[in-house]
Amino acid sequence: MEYLEDIDRQIELINAELETADPNSCEDLKEKITNIQIKLNQKVEEISKYDVERYSHTINKLTTKLYSRNNTNNSTLNKPKKFQFNRNRNKDAIQTEIQDSSDKVFNEANNTNILARQTIRMDNKLATVSNLEYCTIMVDSNYSKKPTGSITFSNIKKSIIYSRDILFESGSIFFNDCKECIILLELSSKNRTQLRLHNLIGCKIYFKSNDKQTIIIEDCKNCVFHNDTEGHLDVKDFNNLGLSIDDLAFKNYDFEEFEIENWDIEKLKKRYIIQ
């Protein structure tokens, strides 16, 4: 497939630059890696399950290599360009307890109306869920899993995002512009899910995974990952690439304990969003 051959060439060039380029080129390399991820997400339905897993693994390796190299070099970067999480995202329908017509587009990204105090059940289609506050967003596990997929959560405030079983075996999950949310996700095995967090503020996050999972974050502040997950998560902060040990004391996230109510959704709503 010509499209994948072009991706392979780009990956080879990035690997070569990682070996030879000076530390000041990190921002450019970071953008190139992100652009590869965007291109793959746009074609995720056309790529085989094997290739999705292969490229996910490769992108994780490139990100880790870039992160490690710049921490070694102790170089200080300018603030990186923001990830473009919402390019050409699929706006398929999702189901809600109030709206059960599965062929409707739900609160699409360019809708400025904020929907409040609803429980939203996502079906097994690709989805972008946006512009919510005081809501509960649940991924419905009653649907069969797709081989590949992608979900974007955007502009969500003071809500619960909850899933005991992601609706695809390989793919990407993006969180963009979320504030004071509780995020609980049980991830698929064998590290086949790409997770990227952009501009999250004051969120509490529990990513349950049996395998080591890389999390890419950028422009996040005061976010907390549950301390039970620390041994399974490898958090790469793109705002802190290449900073010194002293600078990393001011990192944008931490691992702390917070109440997850044994994954009981009604108790979680009472604790975190019912006022």
# chains A, B, ... in the order shown; residues from 1 in each chain; ligands from 1

call {"tool": "select_by_dssp", "arguments": {"residues": "segment 195-250 of chain A", "states": "helix (DSSP H, G or I)", "output": "PyMOL selection string"}}
result
chain A and resi 227-232+247-250

call {"tool": "write_last_selection", "arguments": {"atoms": "N, CA and C atoms", "output": "mmCIF file, in the first residue's frame"}}
result
data_model
loop_
_atom_site.group_PDB
_atom_site.id
_atom_site.type_symbol
_atom_site.label_atom_id
_atom_site.label_comp_id
_atom_site.auth_asym_id
_atom_site.auth_seq_id
_atom_site.Cartn_x
_atom_site.Cartn_y
_atom_site.Cartn_z
ATOM 1 N N ASN A 227 -2.543 6.362 42.119
ATOM 2 C CA ASN A 227 -1.250 5.756 42.452
ATOM 3 C C ASN A 227 -1.231 4.237 42.283
ATOM 4 N N ASP A 228 -2.404 3.590 42.214
ATOM 5 C CA ASP A 228 -2.443 2.155 41.936
ATOM 6 C C ASP A 228 -1.929 1.831 40.536
ATOM 7 N N THR A 229 -1.942 2.824 39.639
ATOM 8 C CA THR A 229 -1.581 2.576 38.238
ATOM 9 C C THR A 229 -0.139 2.966 37.915
ATOM 10 N N GLU A 230 0.596 3.474 38.886
ATOM 11 C CA GLU A 230 1.920 4.026 38.598
ATOM 12 C C GLU A 230 2.855 2.995 37.983
ATOM 13 N N GLY A 231 2.779 1.753 38.433
ATOM 14 C CA GLY A 231 3.678 0.727 37.921
ATOM 15 C C GLY A 231 3.389 0.305 36.494
ATOM 16 N N HIS A 232 2.199 0.655 35.974
ATOM 17 C CA HIS A 232 1.809 0.226 34.635
ATOM 18 C C HIS A 232 1.797 1.358 33.617
ATOM 19 N N ASP A 247 14.042 20.888 37.081
ATOM 20 C CA ASP A 247 12.853 21.386 36.393
ATOM 21 C C ASP A 247 11.704 20.403 36.475
ATOM 22 N N LEU A 248 12.013 19.104 36.435
ATOM 23 C CA LEU A 248 10.972 18.096 36.453
ATOM 24 C C LEU A 248 10.231 18.042 37.776
ATOM 25 N N ALA A 249 10.768 18.713 38.813
ATOM 26 C CA ALA A 249 10.044 18.808 40.081
ATOM 27 C C ALA A 249 8.744 19.587 39.915
ATOM 28 N N PHE A 250 8.653 20.371 38.860
ATOM 29 C CA PHE A 250 7.459 21.177 38.606
ATOM 30 C C PHE A 250 6.602 20.552 37.499
#

call {"tool": "residues_around", "arguments": {"residues": "Leu40 of chain A", "least_positions_apart": "4", "cutoff": "9 Å", "atoms": "only C-alpha atoms", "output": "NGL selection string"}}
result
:A and (4 or 7 or 35-36 or 44 or 47 or 52 or 55)

call {"tool": "write_last_selection", "arguments": {"atoms": "N, CA and C atoms", "output": "PDB file, in the first residue's frame"}}
result
ATOM      1  N   LEU A   4       1.128   3.413   3.197  1.00  0.00           N
ATOM      2  CA  LEU A   4       1.959   2.904   4.281  1.00  0.00           C
ATOM      3  C   LEU A   4       3.441   2.951   3.926  1.00  0.00           C
ATOM      4  N   ILE A   7       4.571   6.274   4.948  1.00  0.00           N
ATOM      5  CA  ILE A   7       4.726   6.321   6.408  1.00  0.00           C
ATOM      6  C   ILE A   7       6.038   5.668   6.818  1.00  0.00           C
ATOM      7  N   ASN A  35       2.528  14.110  13.473  1.00  0.00           N
ATOM      8  CA  ASN A  35       1.887  14.110  12.154  1.00  0.00           C
ATOM      9  C   ASN A  35       1.700  12.695  11.620  1.00  0.00           C
ATOM     10  N   ILE A  36       2.656  11.809  11.902  1.00  0.00           N
ATOM     11  CA  ILE A  36       2.487  10.411  11.504  1.00  0.00           C
ATOM     12  C   ILE A  36       1.282   9.804  12.212  1.00  0.00           C
ATOM     13  N   VAL A  44      -7.399   4.725   9.786  1.00  0.00           N
ATOM     14  CA  VAL A  44      -7.421   3.569  10.679  1.00  0.00           C
ATOM     15  C   VAL A  44      -8.376   2.479  10.196  1.00  0.00           C
ATOM     16  N   ILE A  47      -6.597   0.231   7.461  1.00  0.00           N
ATOM     17  CA  ILE A  47      -5.342  -0.444   7.795  1.00  0.00           C
ATOM     18  C   ILE A  47      -5.647  -1.741   8.535  1.00  0.00           C
ATOM     19  N   VAL A  52      -1.925  -1.735  12.388  1.00  0.00           N
ATOM     20  CA  VAL A  52      -2.261  -0.789  13.458  1.00  0.00           C
ATOM     21  C   VAL A  52      -1.394  -1.059  14.681  1.00  0.00           C
ATOM     22  N   TYR A  55       2.388  -0.126  13.885  1.00  0.00           N
ATOM     23  CA  TYR A  55       2.683   1.307  13.883  1.00  0.00           C
ATOM     24  C   TYR A  55       2.498   1.928  15.264  1.00  0.00           C
TER      25      TYR A  55
END

call {"tool": "residues_around", "arguments": {"residues": "Phe168 of chain A", "least_positions_apart": "4", "cutoff": "7 Å", "atoms": "only C-alpha atoms", "output": "number ranges by chain"}}
result
A: 145-149

call {"tool": "write_last_selection", "arguments": {"atoms": "N, CA and C atoms", "output": "PDB file, in the first residue's frame"}}
result
ATOM      1  N   LYS A 145     -16.649  -5.933  19.605  1.00  0.00           N
ATOM      2  CA  LYS A 145     -15.471  -5.106  19.390  1.00  0.00           C
ATOM      3  C   LYS A 145     -15.116  -5.028  17.919  1.00  0.00           C
ATOM      4  N   LYS A 146     -14.672  -3.835  17.487  1.00  0.00           N
ATOM      5  CA  LYS A 146     -14.127  -3.679  16.145  1.00  0.00           C
ATOM      6  C   LYS A 146     -12.620  -3.945  16.208  1.00  0.00           C
ATOM      7  N   PRO A 147     -12.024  -4.389  15.116  1.00  0.00           N
ATOM      8  CA  PRO A 147     -10.570  -4.620  15.129  1.00  0.00           C
ATOM      9  C   PRO A 147      -9.786  -3.346  15.409  1.00  0.00           C
ATOM     10  N   THR A 148     -10.224  -2.220  14.824  1.00  0.00           N
ATOM     11  CA  THR A 148      -9.542  -0.947  15.031  1.00  0.00           C
ATOM     12  C   THR A 148     -10.570   0.151  15.260  1.00  0.00           C
ATOM     13  N   GLY A 149     -10.137   1.244  15.870  1.00  0.00           N
ATOM     14  CA  GLY A 149     -11.058   2.354  16.104  1.00  0.00           C
ATOM     15  C   GLY A 149     -10.367   3.540  16.730  1.00  0.00           C
TER      16      GLY A 149
END

call {"tool": "closest_residue", "arguments": {"among": "A:Ile160, A:Ala116, A:Gln37, A:Tyr134", "to": "Lys267 of chain A", "atoms": "only C-alpha atoms"}}
result
A:Ile160

call {"tool": "closest_atom_pairs", "arguments": {"of": "segment 134-184 of chain A", "to": "segment 217-224 of chain A", "cutoff": "10 Å", "atoms": "only C-alpha atoms", "output": "tab-separated table"}}
result
residue	atom	partner	partner_atom	distance
A:Phe175	CA	A:Ile217	CA	9.4
A:Asn176	CA	A:Glu218	CA	9.7
A:Asp177	CA	A:Cys220	CA	9.1
A:Cys178	CA	A:Cys220	CA	9.5
A:Lys179	CA	A:Cys223	CA	9.4
A:Glu180	CA	A:Cys223	CA	8.6
A:Cys181	CA	A:Cys223	CA	9.7
A:Ile182	CA	A:Val224	CA	9.8

call {"tool": "write_last_selection", "arguments": {"atoms": "N, CA and C atoms", "output": "compact mmCIF listing (two decimals), in the first residue's frame"}}
result
# COMPACT_ATOMS: atom_id res chain seq x y z
N PHE A 175 -7.99 12.81 24.50
CA PHE A 175 -8.70 13.70 25.41
C PHE A 175 -8.19 15.11 25.16
N ASN A 176 -9.09 16.02 24.86
CA ASN A 176 -8.70 17.37 24.45
C ASN A 176 -9.56 18.40 25.18
N ASP A 177 -8.93 19.34 25.90
CA ASP A 177 -9.64 20.44 26.56
C ASP A 177 -10.68 19.94 27.56
N CYS A 178 -10.25 19.07 28.46
CA CYS A 178 -11.14 18.58 29.52
C CYS A 178 -10.72 19.19 30.85
N LYS A 179 -11.70 19.53 31.68
CA LYS A 179 -11.41 20.22 32.94
C LYS A 179 -12.19 19.57 34.08
N GLU A 180 -11.46 19.22 35.14
CA GLU A 180 -12.02 18.67 36.37
C GLU A 180 -12.91 17.47 36.10
N CYS A 181 -12.43 16.58 35.24
CA CYS A 181 -13.16 15.35 34.91
C CYS A 181 -12.57 14.17 35.68
N ILE A 182 -13.40 13.14 35.85
CA ILE A 182 -12.96 11.86 36.38
C ILE A 182 -12.94 10.90 35.20

call {"tool": "closest_residue", "arguments": {"among": "A:Ile265, A:Met1, A:Ile156, A:Ile151", "to": "Ser130 of chain A", "atoms": "only C-alpha atoms"}}
result
A:Ile156

call {"tool": "atom_distance", "arguments": {"atom1": "atom CA of Lys204 of chain A", "atom2": "atom CA of Val129 of chain A"}}
result
18.7 Å

call {"tool": "closest_residue", "arguments": {"among": "A:Tyr3, A:Tyr50, A:Tyr206, A:Phe238", "to": "Asn262 of chain A", "atoms": "only C-alpha atoms"}}
result
A:Tyr206

call {"tool": "residues_around", "arguments": {"residues": "Ile11 of chain A", "least_positions_apart": "6", "cutoff": "10 Å", "atoms": "only C-alpha atoms", "output": "ChimeraX atom specification"}}
result
/A:5,17,32-33,36,55,58-59,62

call {"tool": "closest_residue", "arguments": {"among": "A:Gly171, A:Asn131, A:Ile137, A:Ile205", "to": "Ile260 of chain A", "atoms": "only C-alpha atoms"}}
result
A:Ile205

call {"tool": "residues_around", "arguments": {"residues": "Ile215 of chain A", "least_positions_apart": "6", "cutoff": "7 Å", "atoms": "only C-alpha atoms", "output": "compact mmCIF listing (two decimals) with N, CA and C atoms, in the first residue's frame"}}
result
# COMPACT_ATOMS: atom_id res chain seq x y z
N LEU A 195 -2.81 6.54 23.72
CA LEU A 195 -3.51 7.48 24.59
C LEU A 195 -2.79 8.82 24.58
N ARG A 196 -3.52 9.89 24.21
CA ARG A 196 -2.93 11.22 24.18
C ARG A 196 -3.86 12.20 24.89
N LEU A 233 1.98 2.60 34.07
CA LEU A 233 1.90 3.74 33.15
C LEU A 233 3.27 4.39 32.97
N ASP A 234 3.57 4.71 31.74
CA ASP A 234 4.79 5.45 31.40
C ASP A 234 4.35 6.78 30.80
N VAL A 235 4.33 7.84 31.61
CA VAL A 235 3.79 9.13 31.19
C VAL A 235 4.89 9.97 30.56
N LYS A 236 4.68 10.38 29.32
CA LYS A 236 5.63 11.24 28.61
C LYS A 236 4.99 12.63 28.49

call {"tool": "decode", "arguments": {"residues": "segment 4-33 of chain A", "atoms": "N, CA and C atoms", "output": "PDB file, in the first residue's frame"}}
result
ATOM      1  N   LEU A   4       1.128   3.413   3.197  1.00  0.00           N
ATOM      2  CA  LEU A   4       1.959   2.904   4.281  1.00  0.00           C
ATOM      3  C   LEU A   4       3.441   2.951   3.926  1.00  0.00           C
ATOM      4  N   GLU A   5       3.761   2.797   2.664  1.00  0.00           N
ATOM      5  CA  GLU A   5       5.159   2.922   2.248  1.00  0.00           C
ATOM      6  C   GLU A   5       5.678   4.322   2.538  1.00  0.00           C
ATOM      7  N   ASP A   6       4.844   5.322   2.328  1.00  0.00           N
ATOM      8  CA  ASP A   6       5.236   6.698   2.641  1.00  0.00           C
ATOM      9  C   ASP A   6       5.439   6.876   4.138  1.00  0.00           C
ATOM     10  N   ILE A   7       4.571   6.274   4.948  1.00  0.00           N
ATOM     11  CA  ILE A   7       4.726   6.321   6.408  1.00  0.00           C
ATOM     12  C   ILE A   7       6.038   5.668   6.818  1.00  0.00           C
ATOM     13  N   ASP A   8       6.341   4.520   6.220  1.00  0.00           N
ATOM     14  CA  ASP A   8       7.599   3.818   6.537  1.00  0.00           C
ATOM     15  C   ASP A   8       8.815   4.686   6.224  1.00  0.00           C
ATOM     16  N   ARG A   9       8.770   5.388   5.095  1.00  0.00           N
ATOM     17  CA  ARG A   9       9.889   6.272   4.738  1.00  0.00           C
ATOM     18  C   ARG A   9      10.042   7.396   5.762  1.00  0.00           C
ATOM     19  N   GLN A  10       8.928   7.954   6.205  1.00  0.00           N
ATOM     20  CA  GLN A  10       8.987   9.019   7.213  1.00  0.00           C
ATOM     21  C   GLN A  10       9.563   8.509   8.529  1.00  0.00           C
ATOM     22  N   ILE A  11       9.181   7.300   8.913  1.00  0.00           N
ATOM     23  CA  ILE A  11       9.699   6.719  10.156  1.00  0.00           C
ATOM     24  C   ILE A  11      11.208   6.491  10.047  1.00  0.00           C
ATOM     25  N   GLU A  12      11.671   6.003   8.897  1.00  0.00           N
ATOM     26  CA  GLU A  12      13.115   5.814   8.693  1.00  0.00           C
ATOM     27  C   GLU A  12      13.870   7.132   8.824  1.00  0.00           C
ATOM     28  N   LEU A  13      13.318   8.202   8.249  1.00  0.00           N
ATOM     29  CA  LEU A  13      13.968   9.512   8.333  1.00  0.00           C
ATOM     30  C   LEU A  13      14.009  10.012   9.769  1.00  0.00           C
ATOM     31  N   ILE A  14      12.921   9.814  10.503  1.00  0.00           N
ATOM     32  CA  ILE A  14      12.892  10.252  11.910  1.00  0.00           C
ATOM     33  C   ILE A  14      13.918   9.475  12.722  1.00  0.00           C
ATOM     34  N   ASN A  15      13.991   8.164  12.516  1.00  0.00           N
ATOM     35  CA  ASN A  15      14.991   7.363  13.234  1.00  0.00           C
ATOM     36  C   ASN A  15      16.404   7.854  12.949  1.00  0.00           C
ATOM     37  N   ALA A  16      16.670   8.182  11.681  1.00  0.00           N
ATOM     38  CA  ALA A  16      17.993   8.690  11.320  1.00  0.00           C
ATOM     39  C   ALA A  16      18.270  10.027  12.003  1.00  0.00           C
ATOM     40  N   GLU A  17      17.275  10.902  12.046  1.00  0.00           N
ATOM     41  CA  GLU A  17      17.450  12.206  12.691  1.00  0.00           C
ATOM     42  C   GLU A  17      17.643  12.059  14.195  1.00  0.00           C
ATOM     43  N   LEU A  18      16.956  11.090  14.794  1.00  0.00           N
ATOM     44  CA  LEU A  18      17.119  10.868  16.226  1.00  0.00           C
ATOM     45  C   LEU A  18      18.544  10.441  16.567  1.00  0.00           C
ATOM     46  N   GLU A  19      19.189   9.774  15.643  1.00  0.00           N
ATOM     47  CA  GLU A  19      20.559   9.317  15.869  1.00  0.00           C
ATOM     48  C   GLU A  19      21.581  10.427  15.654  1.00  0.00           C
ATOM     49  N   THR A  20      21.293  11.365  14.748  1.00  0.00           N
ATOM     50  CA  THR A  20      22.330  12.318  14.335  1.00  0.00           C
ATOM     51  C   THR A  20      22.024  13.777  14.637  1.00  0.00           C
ATOM     52  N   ALA A  21      20.748  14.134  14.822  1.00  0.00           N
ATOM     53  CA  ALA A  21      20.393  15.545  14.928  1.00  0.00           C
ATOM     54  C   ALA A  21      20.818  16.130  16.265  1.00  0.00           C
ATOM     55  N   ASP A  22      21.030  17.451  16.275  1.00  0.00           N
ATOM     56  CA  ASP A  22      21.399  18.120  17.515  1.00  0.00           C
ATOM     57  C   ASP A  22      20.153  18.292  18.389  1.00  0.00           C
ATOM     58  N   PRO A  23      20.336  18.510  19.712  1.00  0.00           N
ATOM     59  CA  PRO A  23      19.211  18.589  20.635  1.00  0.00           C
ATOM     60  C   PRO A  23      18.184  19.657  20.275  1.00  0.00           C
ATOM     61  N   ASN A  24      18.598  20.718  19.604  1.00  0.00           N
ATOM     62  CA  ASN A  24      17.665  21.801  19.290  1.00  0.00           C
ATOM     63  C   ASN A  24      16.628  21.424  18.237  1.00  0.00           C
ATOM     64  N   SER A  25      16.794  20.256  17.629  1.00  0.00           N
ATOM     65  CA  SER A  25      15.837  19.820  16.602  1.00  0.00           C
ATOM     66  C   SER A  25      14.658  19.052  17.192  1.00  0.00           C
ATOM     67  N   CYS A  26      14.596  18.952  18.510  1.00  0.00           N
ATOM     68  CA  CYS A  26      13.582  18.105  19.155  1.00  0.00           C
ATOM     69  C   CYS A  26      12.155  18.531  18.827  1.00  0.00           C
ATOM     70  N   GLU A  27      11.933  19.818  18.799  1.00  0.00           N
ATOM     71  CA  GLU A  27      10.578  20.293  18.551  1.00  0.00           C
ATOM     72  C   GLU A  27      10.109  19.872  17.165  1.00  0.00           C
ATOM     73  N   ASP A  28      10.988  19.955  16.179  1.00  0.00           N
ATOM     74  CA  ASP A  28      10.653  19.551  14.818  1.00  0.00           C
ATOM     75  C   ASP A  28      10.392  18.050  14.744  1.00  0.00           C
ATOM     76  N   LEU A  29      11.215  17.253  15.424  1.00  0.00           N
ATOM     77  CA  LEU A  29      11.011  15.812  15.440  1.00  0.00           C
ATOM     78  C   LEU A  29       9.704  15.432  16.115  1.00  0.00           C
ATOM     79  N   LYS A  30       9.396  16.141  17.192  1.00  0.00           N
ATOM     80  CA  LYS A  30       8.150  15.888  17.911  1.00  0.00           C
ATOM     81  C   LYS A  30       6.944  16.119  17.015  1.00  0.00           C
ATOM     82  N   GLU A  31       6.989  17.180  16.230  1.00  0.00           N
ATOM     83  CA  GLU A  31       5.891  17.484  15.318  1.00  0.00           C
ATOM     84  C   GLU A  31       5.781  16.426  14.222  1.00  0.00           C
ATOM     85  N   LYS A  32       6.910  15.921  13.748  1.00  0.00           N
ATOM     86  CA  LYS A  32       6.883  14.893  12.710  1.00  0.00           C
ATOM     87  C   LYS A  32       6.257  13.605  13.235  1.00  0.00           C
ATOM     88  N   ILE A  33       6.591  13.228  14.463  1.00  0.00           N
ATOM     89  CA  ILE A  33       6.007  12.022  15.055  1.00  0.00           C
ATOM     90  C   ILE A  33       4.501  12.188  15.209  1.00  0.00           C
TER      91      ILE A  33
END
